[in-house]
$ cat final09.cif   # mmCIF, C-alpha atoms and all ligand atoms
data_upload
loop_
_atom_site.label_atom_id
_atom_site.label_comp_id
_atom_site.auth_asym_id
_atom_site.auth_seq_id
_atom_site.Cartn_x
_atom_site.Cartn_y
_atom_site.Cartn_z
CA MET A 1 -228.83 54.80 184.60
CA THR A 2 -231.86 57.02 185.21
CA ALA A 3 -234.39 56.36 187.95
CA GLN A 4 -237.91 57.73 187.67
CA LEU A 5 -240.65 57.73 190.27
CA ARG A 6 -244.29 58.19 189.33
CA ARG A 7 -247.69 58.00 190.97
CA ARG A 8 -249.93 55.77 188.81
CA PRO A 9 -253.63 56.43 188.23
CA ASP A 10 -254.38 53.52 190.64
CA GLY A 11 -252.50 55.42 193.38
CA ALA A 12 -249.44 53.14 193.52
CA LEU A 13 -245.96 54.62 193.55
CA GLU A 14 -243.88 53.08 190.76
CA LEU A 15 -240.10 52.97 190.29
CA ARG A 16 -238.68 52.71 186.78
CA VAL A 17 -235.01 52.55 185.83
CA ASN A 18 -233.99 53.42 182.26
CA GLY A 19 -237.73 53.44 181.46
CA VAL A 20 -238.20 49.82 182.60
CA PHE A 21 -240.58 48.88 185.43
CA VAL A 22 -238.61 47.82 188.51
CA MET A 23 -241.16 47.79 191.34
CA ASP A 24 -244.12 49.51 192.95
CA ASP A 25 -245.46 49.89 196.47
CA ALA A 26 -248.65 47.93 195.73
CA GLU A 27 -246.85 44.55 195.90
CA SER A 28 -243.88 44.29 198.24
CA THR A 29 -244.18 40.67 199.42
CA SER A 30 -240.92 39.50 197.85
CA GLU A 31 -238.90 42.56 198.95
CA ARG A 32 -240.03 41.99 202.54
CA LEU A 33 -239.48 38.23 202.32
CA LEU A 34 -235.82 38.81 201.43
CA ALA A 35 -235.39 40.46 204.82
CA ARG A 36 -237.61 38.01 206.69
CA THR A 37 -235.67 35.02 205.30
CA VAL A 38 -232.34 36.19 206.70
CA LEU A 39 -233.83 37.46 209.98
CA ASP A 40 -235.45 34.08 210.59
CA LEU A 41 -232.03 32.48 210.14
CA GLY A 42 -230.57 34.74 212.83
CA ALA A 43 -228.97 37.53 210.77
CA ARG A 44 -228.39 40.79 212.67
CA GLU A 45 -225.69 42.55 210.59
CA VAL A 46 -226.86 42.74 207.01
CA LEU A 47 -225.72 44.37 203.76
CA VAL A 48 -228.49 45.16 201.28
CA GLY A 49 -227.82 45.81 197.60
CA GLY A 50 -230.48 48.19 196.25
CA LEU A 51 -232.48 50.64 198.38
CA GLY A 52 -235.44 50.90 195.99
CA LEU A 53 -238.56 52.02 197.86
CA GLY A 54 -237.08 50.80 201.16
CA PHE A 55 -239.26 47.75 201.91
CA THR A 56 -236.36 45.37 202.57
CA LEU A 57 -234.63 47.92 204.79
CA ARG A 58 -237.83 48.60 206.77
CA GLU A 59 -238.47 44.89 207.34
CA LEU A 60 -234.90 44.39 208.56
CA LEU A 61 -235.11 47.31 210.99
CA ASP A 62 -238.58 46.31 212.23
CA GLY A 63 -237.37 42.71 212.61
CA GLY A 64 -234.50 43.64 214.93
CA ALA A 65 -231.45 43.92 212.66
CA GLU A 66 -228.66 45.64 214.58
CA ARG A 67 -226.85 47.14 211.60
CA VAL A 68 -227.95 47.49 207.99
CA ILE A 69 -225.56 48.75 205.32
CA VAL A 70 -227.44 49.69 202.13
CA ALA A 71 -225.64 50.11 198.81
CA GLU A 72 -227.60 52.25 196.33
CA ILE A 73 -226.17 53.30 192.99
CA GLU A 74 -228.72 56.06 192.27
CA PRO A 75 -228.36 59.13 194.52
CA GLU A 76 -231.90 60.26 193.61
CA LEU A 77 -233.36 57.23 195.39
CA VAL A 78 -231.61 58.23 198.59
CA ASP A 79 -232.81 61.85 198.18
CA TRP A 80 -236.41 60.71 197.61
CA LEU A 81 -236.40 58.65 200.79
CA ALA A 82 -234.62 61.36 202.79
CA ASP A 83 -237.06 64.13 201.81
CA GLY A 84 -240.19 61.98 202.20
CA THR A 85 -241.04 61.83 198.47
CA ILE A 86 -241.07 58.09 199.17
CA PRO A 87 -243.41 57.99 202.18
CA GLY A 88 -241.79 56.83 205.42
CA GLY A 89 -238.31 57.10 203.95
CA THR A 90 -237.01 59.82 206.24
CA ALA A 91 -237.33 57.66 209.37
CA LEU A 92 -235.64 54.72 207.65
CA LEU A 93 -232.60 56.77 206.71
CA GLU A 94 -232.41 58.58 210.06
CA ASN A 95 -232.46 55.30 211.97
CA GLU A 96 -229.11 54.97 213.74
CA ARG A 97 -228.84 51.32 212.61
CA THR A 98 -228.98 52.35 208.93
CA GLU A 99 -225.88 53.20 206.92
CA VAL A 100 -226.44 54.12 203.26
CA VAL A 101 -223.55 54.16 200.80
CA VAL A 102 -224.15 55.65 197.36
CA ALA A 103 -222.11 53.28 195.20
CA ASP A 104 -222.25 50.07 193.23
CA VAL A 105 -222.99 47.14 195.54
CA ARG A 106 -219.88 45.39 194.21
CA GLU A 107 -217.68 48.17 195.60
CA VAL A 108 -219.54 48.24 198.90
CA VAL A 109 -219.21 44.49 199.41
CA ALA A 110 -215.51 44.62 198.47
CA ALA A 111 -214.97 47.29 201.15
CA GLN A 112 -216.29 45.07 203.97
CA SER A 113 -213.96 43.13 206.24
CA PRO A 114 -213.74 39.36 205.76
CA ASP A 115 -216.18 37.30 207.86
CA SER A 116 -217.97 40.45 209.08
CA LEU A 117 -221.60 40.06 207.96
CA ASP A 118 -224.46 37.71 208.82
CA ALA A 119 -226.20 38.23 205.48
CA ILE A 120 -225.95 39.88 202.09
CA VAL A 121 -229.24 40.55 200.33
CA LEU A 122 -229.12 41.45 196.64
CA ASP A 123 -232.06 43.15 194.95
CA VAL A 124 -230.43 45.43 192.42
CA ASP A 125 -232.12 44.44 189.20
CA ASN A 126 -234.93 42.36 187.80
CA GLY A 127 -232.84 39.20 188.13
CA PRO A 128 -229.98 37.64 186.15
CA ASP A 129 -232.04 37.06 183.01
CA PHE A 130 -233.90 40.39 182.94
CA LEU A 131 -231.23 43.03 183.45
CA VAL A 132 -232.18 46.69 183.40
CA TYR A 133 -228.51 47.62 183.73
CA GLU A 134 -226.11 45.43 181.70
CA GLN A 135 -223.22 45.94 184.12
CA ASN A 136 -225.25 44.19 186.81
CA ALA A 137 -224.56 40.87 185.06
CA ALA A 138 -221.42 40.77 187.22
CA VAL A 139 -223.57 40.85 190.38
CA TYR A 140 -224.79 37.33 189.50
CA GLY A 141 -221.39 36.04 188.39
CA ASP A 142 -219.07 33.57 190.05
CA ASP A 143 -216.46 36.16 191.11
CA PHE A 144 -218.97 38.30 192.98
CA VAL A 145 -220.62 35.27 194.62
CA ALA A 146 -217.14 34.34 195.89
CA GLU A 147 -216.58 37.94 197.07
CA CYS A 148 -219.84 37.81 199.02
CA ALA A 149 -218.96 34.44 200.55
CA ALA A 150 -215.66 35.88 201.80
CA ARG A 151 -217.46 38.77 203.58
CA LEU A 152 -219.94 36.49 205.33
CA ARG A 153 -219.47 34.73 208.63
CA PRO A 154 -219.62 30.91 208.49
CA ASP A 155 -223.28 29.95 207.88
CA GLY A 156 -223.97 33.56 206.79
CA GLN A 157 -226.69 34.01 204.20
CA LEU A 158 -226.59 35.17 200.59
CA CYS A 159 -230.07 35.95 199.26
CA VAL A 160 -230.75 37.03 195.69
CA TRP A 161 -234.07 38.43 194.42
CA SER A 162 -235.02 37.28 190.94
CA MET A 163 -237.97 37.65 188.61
CA ALA A 164 -237.59 33.98 187.70
CA ASP A 165 -235.88 30.94 189.13
CA SER A 166 -232.31 30.69 187.85
CA PRO A 167 -230.63 27.27 187.78
CA ALA A 168 -227.40 29.00 186.70
CA VAL A 169 -227.34 31.21 189.80
CA ARG A 170 -228.27 28.28 192.03
CA ASP A 171 -225.34 26.31 190.56
CA ARG A 172 -223.00 29.24 191.25
CA LEU A 173 -224.25 29.49 194.83
CA ALA A 174 -223.81 25.75 195.33
CA ARG A 175 -220.05 26.05 194.70
CA ARG A 176 -219.60 28.03 197.93
CA PHE A 177 -222.85 27.74 199.85
CA HIS A 178 -224.83 24.88 201.29
CA GLU A 179 -228.61 24.55 201.79
CA VAL A 180 -229.08 26.30 198.43
CA GLU A 181 -232.76 26.77 197.70
CA ALA A 182 -235.14 28.70 195.45
CA LEU A 183 -238.12 30.11 197.31
CA GLU A 184 -241.14 30.84 195.14
CA VAL A 185 -243.05 33.96 196.19
CA PRO A 186 -246.59 34.20 194.78
CA VAL A 187 -247.48 37.81 193.94
CA THR A 188 -250.42 39.64 192.38
CA LEU A 189 -249.35 42.17 189.77
CA GLN A 190 -252.16 44.40 188.58
CA GLU A 191 -254.62 41.51 189.04
CA ARG A 192 -252.34 38.88 187.43
CA ARG A 193 -251.02 35.98 189.52
CA GLU A 194 -247.25 35.59 189.07
CA SER A 195 -244.26 34.38 191.04
CA TYR A 196 -241.05 36.08 192.03
CA TRP A 197 -238.11 34.15 193.47
CA VAL A 198 -235.60 34.36 196.28
CA LEU A 199 -232.44 32.29 195.72
CA ARG A 200 -230.59 31.56 198.92
CA GLY A 201 -227.62 29.73 200.38
CA SER A 202 -225.67 29.48 203.67
CA ARG A 203 -221.91 29.99 203.57
CA ARG A 204 -219.98 26.78 204.01
CA ARG A 205 -217.81 26.62 207.13
C1 LIG B 1 -235.80 46.56 192.83
S1 LIG B 1 -235.06 47.93 193.59
C2 LIG B 1 -234.75 47.37 195.23
C3 LIG B 1 -236.01 47.17 195.99
C4 LIG B 1 -235.80 47.07 197.49
N1 LIG B 1 -235.47 45.69 197.84
C5 LIG B 1 -237.05 47.50 198.24
O1 LIG B 1 -237.39 46.85 199.21
O2 LIG B 1 -237.66 48.49 197.86
C6 LIG B 1 -233.45 47.92 192.88
C7 LIG B 1 -232.56 49.06 193.39
O3 LIG B 1 -231.20 48.73 193.14
C8 LIG B 1 -230.51 49.88 192.67
N2 LIG B 1 -229.33 49.39 191.93
C9 LIG B 1 -229.27 48.91 190.67
N3 LIG B 1 -228.04 48.47 190.38
C10 LIG B 1 -227.30 48.65 191.50
C11 LIG B 1 -225.94 48.35 191.84
N4 LIG B 1 -225.13 47.76 190.97
N5 LIG B 1 -225.51 48.68 193.08
C12 LIG B 1 -226.34 49.27 193.98
N6 LIG B 1 -227.63 49.58 193.71
C13 LIG B 1 -228.11 49.25 192.50
C14 LIG B 1 -231.56 50.61 191.85
O4 LIG B 1 -231.23 51.98 191.69
C15 LIG B 1 -232.81 50.39 192.71
O5 LIG B 1 -232.93 51.38 193.70
#

$ encode --input "final09.cif" --output "structure tokens"
Amino acid sequence: MTAQLRRRPDGALELRVNGVFVMDDAESTSERLLARTVLDLGAREVLVGGLGLGFTLRELLDGGAERVIVAEIEPELVDWLADGTIPGGTALLENERTEVVVADVREVVAAQSPDSLDAIVLDVDNGPDFLVYEQNAAVYGDDFVAECAARLRPDGQLCVWSMADSPAVRDRLARRFHEVEALEVPVTLQERRESYWVLRGSRRR
């Protein structure tokens, strides 16, 4: 996988992976909403899959999270935040509540103790039906959903960012989580109105 960062003519900073658009800093509503959703449900110890440009991490820290573990597969992303190439990144990584692990989110979740997290927030790809990285299909699969459930405290949250609603992922969540919902997030992408989605559930007791 190759990550590329570029400043567009409109001034926005854009992240591409394997040449495919992943996100920019002009529209970060859905990345911030991922964090806000779990904070509003009381989460304080959170694992985030995918550092990206750091919006989810910043929202969690600003919203009072006590510990945020971030799994990021691309070391360059971490370097770009650390050296300020991604503005504001240095402070995010130096925050004593932040712990970044350069690895696949599946390994980082597997390394957590059972019942140890309030929330797991997954934003590692463009969603289950728009993969930039084929191996990420497993992130949306039944085995990994079960793995996440085992690492969460009772009523802990699993939140998944997606470019589109996914009935298949909602069904998988519903096997182990209750209150499963799909939150539609209206966004403006280069003057087009679109929607992104946050799929969420609370771990059954
Ligand atoms: C859309 S961005 C995340 C955006 C982030 N929520 C934000 O607020 O900026 C996706 C990130 O996930 C990373 N990634 C992709 N697959 C991954 C995996 N399997 N494990 C960990 N990180 C992964 C990518 O390198 C990229 O940095």

$ residues_near_ligand --input "final09.cif" --ligand "ligand LIG 1 (chain B)" --cutoff "9 Å" --atoms "all atoms listed in the file" --output "PDB file with C-alpha atoms, in the frame of the given file"
ATOM      1  CA  MET A   1    -228.830  54.800 184.600  1.00  0.00           C
ATOM      2  CA  THR A   2    -231.860  57.020 185.210  1.00  0.00           C
ATOM      3  CA  ALA A   3    -234.390  56.360 187.950  1.00  0.00           C
ATOM      4  CA  LEU A  15    -240.100  52.970 190.290  1.00  0.00           C
ATOM      5  CA  ARG A  16    -238.680  52.710 186.780  1.00  0.00           C
ATOM      6  CA  VAL A  17    -235.010  52.550 185.830  1.00  0.00           C
ATOM      7  CA  VAL A  22    -238.610  47.820 188.510  1.00  0.00           C
ATOM      8  CA  MET A  23    -241.160  47.790 191.340  1.00  0.00           C
ATOM      9  CA  ASP A  24    -244.120  49.510 192.950  1.00  0.00           C
ATOM     10  CA  ASP A  25    -245.460  49.890 196.470  1.00  0.00           C
ATOM     11  CA  SER A  28    -243.880  44.290 198.240  1.00  0.00           C
ATOM     12  CA  SER A  30    -240.920  39.500 197.850  1.00  0.00           C
ATOM     13  CA  GLU A  31    -238.900  42.560 198.950  1.00  0.00           C
ATOM     14  CA  ARG A  32    -240.030  41.990 202.540  1.00  0.00           C
ATOM     15  CA  LEU A  34    -235.820  38.810 201.430  1.00  0.00           C
ATOM     16  CA  ALA A  35    -235.390  40.460 204.820  1.00  0.00           C
ATOM     17  CA  VAL A  48    -228.490  45.160 201.280  1.00  0.00           C
ATOM     18  CA  GLY A  49    -227.820  45.810 197.600  1.00  0.00           C
ATOM     19  CA  GLY A  50    -230.480  48.190 196.250  1.00  0.00           C
ATOM     20  CA  LEU A  51    -232.480  50.640 198.380  1.00  0.00           C
ATOM     21  CA  GLY A  52    -235.440  50.900 195.990  1.00  0.00           C
ATOM     22  CA  LEU A  53    -238.560  52.020 197.860  1.00  0.00           C
ATOM     23  CA  GLY A  54    -237.080  50.800 201.160  1.00  0.00           C
ATOM     24  CA  PHE A  55    -239.260  47.750 201.910  1.00  0.00           C
ATOM     25  CA  THR A  56    -236.360  45.370 202.570  1.00  0.00           C
ATOM     26  CA  LEU A  57    -234.630  47.920 204.790  1.00  0.00           C
ATOM     27  CA  ARG A  58    -237.830  48.600 206.770  1.00  0.00           C
ATOM     28  CA  GLU A  59    -238.470  44.890 207.340  1.00  0.00           C
ATOM     29  CA  VAL A  70    -227.440  49.690 202.130  1.00  0.00           C
ATOM     30  CA  ALA A  71    -225.640  50.110 198.810  1.00  0.00           C
ATOM     31  CA  GLU A  72    -227.600  52.250 196.330  1.00  0.00           C
ATOM     32  CA  ILE A  73    -226.170  53.300 192.990  1.00  0.00           C
ATOM     33  CA  GLU A  74    -228.720  56.060 192.270  1.00  0.00           C
ATOM     34  CA  PRO A  75    -228.360  59.130 194.520  1.00  0.00           C
ATOM     35  CA  GLU A  76    -231.900  60.260 193.610  1.00  0.00           C
ATOM     36  CA  LEU A  77    -233.360  57.230 195.390  1.00  0.00           C
ATOM     37  CA  VAL A  78    -231.610  58.230 198.590  1.00  0.00           C
ATOM     38  CA  VAL A 101    -223.550  54.160 200.800  1.00  0.00           C
ATOM     39  CA  VAL A 102    -224.150  55.650 197.360  1.00  0.00           C
ATOM     40  CA  ALA A 103    -222.110  53.280 195.200  1.00  0.00           C
ATOM     41  CA  ASP A 104    -222.250  50.070 193.230  1.00  0.00           C
ATOM     42  CA  VAL A 105    -222.990  47.140 195.540  1.00  0.00           C
ATOM     43  CA  ARG A 106    -219.880  45.390 194.210  1.00  0.00           C
ATOM     44  CA  GLU A 107    -217.680  48.170 195.600  1.00  0.00           C
ATOM     45  CA  VAL A 108    -219.540  48.240 198.900  1.00  0.00           C
ATOM     46  CA  VAL A 121    -229.240  40.550 200.330  1.00  0.00           C
ATOM     47  CA  LEU A 122    -229.120  41.450 196.640  1.00  0.00           C
ATOM     48  CA  ASP A 123    -232.060  43.150 194.950  1.00  0.00           C
ATOM     49  CA  VAL A 124    -230.430  45.430 192.420  1.00  0.00           C
ATOM     50  CA  ASP A 125    -232.120  44.440 189.200  1.00  0.00           C
ATOM     51  CA  ASN A 126    -234.930  42.360 187.800  1.00  0.00           C
ATOM     52  CA  VAL A 132    -232.180  46.690 183.400  1.00  0.00           C
ATOM     53  CA  TYR A 133    -228.510  47.620 183.730  1.00  0.00           C
ATOM     54  CA  GLN A 135    -223.220  45.940 184.120  1.00  0.00           C
ATOM     55  CA  ASN A 136    -225.250  44.190 186.810  1.00  0.00           C
ATOM     56  CA  ALA A 138    -221.420  40.770 187.220  1.00  0.00           C
ATOM     57  CA  VAL A 139    -223.570  40.850 190.380  1.00  0.00           C
ATOM     58  CA  TRP A 161    -234.070  38.430 194.420  1.00  0.00           C
TER      59      TRP A 161
END

$ residues_around --input "final09.cif" --residues "region 175-182 of chain A" --least-positions-apart "5" --cutoff "6 Å" --atoms "all atoms listed in the file" --output "PyMOL selection string"
chain A and resi 198-204

$ residues_around --input "final09.cif" --residues "Glu147 (chain A)" --least-positions-apart "5" --cutoff "9 Å" --atoms "all atoms listed in the file" --output "count of residues only"
4

$ residues_around --input "final09.cif" --residues "Pro114 (chain A)" --least-positions-apart "6" --cutoff "9 Å" --atoms "all atoms listed in the file" --output "PyMOL selection string"
chain A and resi 149-153

$ residues_around --input "final09.cif" --residues "Tyr196 (chain A)" --least-positions-apart "3" --cutoff "8 Å" --atoms "all atoms listed in the file" --output "MDAnalysis selection string"
chainID A and resid 30 161:165 184:187

$ atom_distance --input "final09.cif" --atom1 "CA of Gly156 (chain A)" --atom2 "CA of Ala119 (chain A)"
5.3 Å

$ residues_around --input "final09.cif" --residues "Ala12 (chain A)" --least-positions-apart "4" --cutoff "6 Å" --atoms "only C-alpha atoms" --output "list in words"
Arg7, Arg8, Asp25 and Ala26 of chain A

$ closest_residue --input "final09.cif" --among "A:Asp10, A:Asp118, A:Arg67, A:Leu81" --to "Glu96 (chain A)" --atoms "all atoms listed in the file"
A:Arg67

$ atom_distance --input "final09.cif" --atom1 "CA of Thr90 (chain A)" --atom2 "CA of Gly63 (chain A)"
18.3 Å

$ residues_near_point --input "final09.cif" --point "(-233.2, 53.8, 212.1)" --cutoff "10 Å" --atoms "only C-alpha atoms" --output "list of chain:residue names"
A:Leu57, A:Arg58, A:Leu61, A:Asp62, A:Glu66, A:Arg67, A:Val68, A:Thr90, A:Ala91, A:Leu92, A:Leu93, A:Glu94, A:Asn95, A:Glu96, A:Arg97, A:Thr98, A:Glu99

$ decode --input "final09.cif" --residues "region 153-170 of chain A" --atoms "N, CA, C and O atoms" --output "CSV table (one decimal), in the first residue's frame"
chain,number,residue,atom,x,y,z
A,153,ARG,N,-16.0,-3.5,26.6
A,153,ARG,CA,-16.7,-3.7,27.8
A,153,ARG,C,-18.2,-3.9,27.5
A,153,ARG,O,-18.6,-3.5,26.4
A,154,PRO,N,-19.0,-4.5,28.3
A,154,PRO,CA,-20.4,-4.6,28.1
A,154,PRO,C,-21.0,-3.2,27.7
A,154,PRO,O,-20.6,-2.2,28.4
A,155,ASP,N,-21.8,-3.1,26.7
A,155,ASP,CA,-22.3,-1.8,26.2
A,155,ASP,C,-21.3,-1.0,25.5
A,155,ASP,O,-21.6,0.2,25.1
A,156,GLY,N,-20.1,-1.5,25.3
A,156,GLY,CA,-19.1,-0.8,24.6
A,156,GLY,C,-19.5,-0.6,23.1
A,156,GLY,O,-20.3,-1.4,22.6
A,157,GLN,N,-18.9,0.4,22.4
A,157,GLN,CA,-19.4,0.7,21.1
A,157,GLN,C,-18.4,0.2,20.0
A,157,GLN,O,-17.2,0.4,20.1
A,158,LEU,N,-19.0,-0.3,18.9
A,158,LEU,CA,-18.2,-0.5,17.7
A,158,LEU,C,-18.8,0.4,16.6
A,158,LEU,O,-20.0,0.4,16.4
A,159,CYS,N,-18.0,1.3,16.1
A,159,CYS,CA,-18.4,2.2,15.1
A,159,CYS,C,-17.6,2.0,13.8
A,159,CYS,O,-16.4,2.0,13.9
A,160,VAL,N,-18.3,2.0,12.7
A,160,VAL,CA,-17.6,1.7,11.4
A,160,VAL,C,-17.9,2.8,10.4
A,160,VAL,O,-19.1,3.0,10.1
A,161,TRP,N,-16.9,3.5,9.9
A,161,TRP,CA,-17.1,4.5,8.8
A,161,TRP,C,-17.4,3.7,7.5
A,161,TRP,O,-16.7,2.8,7.2
A,162,SER,N,-18.3,4.3,6.7
A,162,SER,CA,-18.5,3.6,5.4
A,162,SER,C,-19.0,4.7,4.4
A,162,SER,O,-19.7,5.6,4.7
A,163,MET,N,-18.6,4.5,3.2
A,163,MET,CA,-19.0,5.4,2.1
A,163,MET,C,-20.5,5.3,1.8
A,163,MET,O,-21.1,6.2,1.2
A,164,ALA,N,-21.0,4.1,2.1
A,164,ALA,CA,-22.4,3.8,1.8
A,164,ALA,C,-23.0,3.0,2.9
A,164,ALA,O,-22.2,2.3,3.6
A,165,ASP,N,-24.3,3.0,3.1
A,165,ASP,CA,-24.9,2.1,4.1
A,165,ASP,C,-24.6,0.7,3.7
A,165,ASP,O,-24.5,0.4,2.5
A,166,SER,N,-24.4,-0.2,4.6
A,166,SER,CA,-24.1,-1.6,4.3
A,166,SER,C,-25.0,-2.5,5.1
A,166,SER,O,-24.7,-2.8,6.3
A,167,PRO,N,-26.1,-3.0,4.5
A,167,PRO,CA,-27.0,-4.0,5.3
A,167,PRO,C,-26.2,-5.2,5.7
A,167,PRO,O,-26.5,-5.7,6.8
A,168,ALA,N,-25.2,-5.6,4.9
A,168,ALA,CA,-24.4,-6.8,5.3
A,168,ALA,C,-23.7,-6.6,6.6
A,168,ALA,O,-23.6,-7.4,7.5
A,169,VAL,N,-23.0,-5.4,6.7
A,169,VAL,CA,-22.3,-5.1,7.9
A,169,VAL,C,-23.2,-4.9,9.1
A,169,VAL,O,-23.0,-5.4,10.2
A,170,ARG,N,-24.4,-4.3,8.9
A,170,ARG,CA,-25.4,-4.1,9.9
A,170,ARG,C,-25.8,-5.5,10.5
A,170,ARG,O,-26.0,-5.7,11.6
